Amino acid sequence: MGDTVPREDREMALRTELEPIVRRRRFTAEEYHRMGAAGILSQNERVELIHGDIVQMTPIGPDHASVVARIAKRLESAFREQVIVWSQNPVSLRPEASEPQPDVVLLRPKPDFYRSGHPEPRDILLLVEVMDSSAAFDRQVKLPLYARAGVVEVWLVDVVANTVEVHRDPTPTGYRGRNVVDRDRTLGPLTFPEVTLRGRDLTG
């Protein structure tokens with residue numbers, strides 16, 4: 001009688017079995033950049049460095065792209081010259097061997113617009129990730145990473161549920177504070193309490 005287990009399931013089982021005994025070669029941020037300079041990684045490749053692993057990013061669909069553009073526009077209008085709006089560009093989390101590319105970040109102003117180096121946690125006033133097919137990765141991998149790095153505030157914008165999860169008070173084990181805001185409620189960044197937005201301003 002032939003093997004009835006699908007090939008994909010067999011491959012997954014093999015990877016799970018080998019995971020504890022296979023030594024992975026993790027990369028530093030410097031090595032990651034050298035691969036880009038050498039042409040090993042092209043500028044057109046949608047990858048990011050997470051915990052030393054080079055991770056392929058999920059494709060951006062119309063809903064995701066639209067919400068990212070909406071958020072960037074709303075934040076630019078609300079804060080004008082008070083911040084730099086950094087959209088789908090890298091941030092440097094060197095102690096975590098990571099260089100993710102969040103969807104939208106509010107940064108402290110800097111005269112060279114961070115030409116001298118990617119923003120670090122101390123530069124980040126608010127970080128926003130837009131979630132659709134990437135929800136599990138954003139919640140289970142990226143959110144704890146941002147907490148360990150000391151990013152003061154993260155908003156997870158859920159395209160499917162039309163909600164914004166506000167995460168504050170980072171610790172090495174995660175964020176202590178979590179609040180879910182729907183389309184009709186208001187929210188604002190911790191560092192700018194005088195600014196308020198409605199959930200629908202972000203989700204559409």
# chains A, B, ... in the order shown; residues from 1 in each chain; ligands from 1
$ residues_around --residues "range 55-68 of chain A" --least-positions-apart "3" --cutoff "12 Å" --atoms "only C-alpha atoms" --output "MDAnalysis selection string"
chainID A and resid 26:27 32 41 44:52 71:75 85:88 98:105 128:138 141:142 156:160 162:164 199:204
$ write_last_selection --atoms "C-alpha atoms" --output "short mmCIF file (atom, residue, chain, number, x, y, z; two decimals), in the first residue's frame"
data_model
loop_
_atom_site.label_atom_id
_atom_site.label_comp_id
_atom_site.auth_asym_id
_atom_site.auth_seq_id
_atom_site.Cartn_x
_atom_site.Cartn_y
_atom_site.Cartn_z
CA ARG A 26 22.44 33.48 11.88
CA PHE A 27 23.62 36.76 10.40
CA TYR A 32 23.21 41.42 6.11
CA LEU A 41 20.41 40.40 -1.90
CA ASN A 44 13.94 44.45 -5.14
CA GLU A 45 13.86 41.47 -2.75
CA ARG A 46 11.27 41.84 -0.01
CA VAL A 47 13.26 40.50 2.91
CA GLU A 48 14.03 41.62 6.44
CA LEU A 49 16.43 40.48 9.15
CA ILE A 50 14.66 38.94 12.16
CA HIS A 51 16.70 37.40 14.99
CA GLY A 52 19.58 36.85 12.57
CA ILE A 71 -2.13 55.79 7.97
CA ALA A 72 0.96 57.55 6.62
CA LYS A 73 -1.20 60.38 5.24
CA ARG A 74 -3.21 60.77 8.46
CA LEU A 75 -0.08 60.85 10.62
CA VAL A 85 6.95 59.58 9.02
CA TRP A 86 9.01 56.53 8.02
CA SER A 87 7.03 54.14 5.82
CA GLN A 88 8.13 50.56 5.03
CA SER A 98 17.15 42.35 13.62
CA GLU A 99 16.35 44.93 10.98
CA PRO A 100 12.60 44.77 10.34
CA GLN A 101 10.71 47.05 7.96
CA PRO A 102 7.56 48.18 9.79
CA ASP A 103 4.69 49.60 7.78
CA VAL A 104 4.73 53.08 9.36
CA VAL A 105 6.93 54.61 12.07
CA VAL A 128 2.60 50.66 13.28
CA GLU A 129 2.20 47.25 11.64
CA VAL A 130 -0.75 46.58 9.32
CA MET A 131 -1.99 43.00 9.64
CA ASP A 132 -3.86 40.81 7.20
CA SER A 133 -2.18 37.56 6.13
CA SER A 134 0.81 38.55 8.29
CA ALA A 135 -1.19 38.67 11.55
CA ALA A 136 0.34 35.58 13.18
CA PHE A 137 3.90 36.66 12.39
CA ASP A 138 3.25 40.23 13.55
CA VAL A 141 7.32 37.23 16.33
CA LYS A 142 7.48 40.95 15.66
CA LEU A 156 -1.27 46.62 15.23
CA VAL A 157 -3.89 47.62 12.67
CA ASP A 158 -6.07 44.62 11.84
CA VAL A 159 -7.40 45.00 8.29
CA VAL A 160 -9.83 42.09 8.71
CA ASN A 162 -11.11 46.83 11.49
CA THR A 163 -9.51 47.35 14.87
CA VAL A 164 -6.30 48.85 16.25
CA GLY A 199 -10.03 54.09 14.59
CA ARG A 200 -11.66 54.60 11.19
CA ASP A 201 -8.99 57.21 10.35
CA LEU A 202 -6.53 54.31 10.28
CA THR A 203 -8.56 51.30 9.20
CA GLY A 204 -10.75 53.05 6.60
#
$ select_by_dssp --residues "chain A" --states "helix (DSSP H, G or I)" --output "VMD selection string"
chain A and resid 7 to 18 29 to 37 62 to 82 94 to 96 121 to 123 135 to 149 199 to 203
$ closest_residue --among "A:Leu190, A:Thr196, A:Trp155, A:Ala38" --to "Arg178 in chain A" --atoms "only C-alpha atoms"
A:Trp155
$ residues_around --residues "Gly174 in chain A" --least-positions-apart "4" --cutoff "6 Å" --atoms "only C-alpha atoms" --output "PyMOL selection string"
chain A and resi 144+147+170
$ closest_atom_pairs --of "range 50-113 of chain A" --to "range 191-195 of chain A" --cutoff "12 Å" --atoms "only C-alpha atoms" --output "CSV"
residue,atom,partner,partner_atom,distance
A:Arg74,CA,A:Val195,CA,11.5
A:Leu75,CA,A:Val195,CA,10.0
A:Ser77,CA,A:Val195,CA,11.1
A:Ala78,CA,A:Val195,CA,7.3
A:Phe79,CA,A:Val195,CA,8.4
A:Arg80,CA,A:Val195,CA,11.9
A:Gln82,CA,A:Phe192,CA,10.0
A:Val83,CA,A:Phe192,CA,10.7
A:Leu106,CA,A:Thr191,CA,10.3
A:Leu107,CA,A:Thr191,CA,11.0
A:Arg108,CA,A:Thr191,CA,10.7
$ write_last_selection --atoms "C-alpha atoms" --output "mmCIF file, in the first residue's frame"
data_model
loop_
_atom_site.group_PDB
_atom_site.id
_atom_site.type_symbol
_atom_site.label_atom_id
_atom_site.label_comp_id
_atom_site.auth_asym_id
_atom_site.auth_seq_id
_atom_site.Cartn_x
_atom_site.Cartn_y
_atom_site.Cartn_z
ATOM 1 C CA ARG A 74 -3.207 60.767 8.465
ATOM 2 C CA LEU A 75 -0.079 60.847 10.617
ATOM 3 C CA SER A 77 -1.373 65.602 8.512
ATOM 4 C CA ALA A 78 -1.637 65.298 12.288
ATOM 5 C CA PHE A 79 2.018 65.867 13.188
ATOM 6 C CA ARG A 80 3.514 67.818 10.274
ATOM 7 C CA GLN A 82 6.992 67.431 14.694
ATOM 8 C CA VAL A 83 8.016 64.006 13.410
ATOM 9 C CA LEU A 106 6.853 58.027 13.739
ATOM 10 C CA LEU A 107 10.439 59.150 14.349
ATOM 11 C CA ARG A 108 12.078 61.974 16.235
#
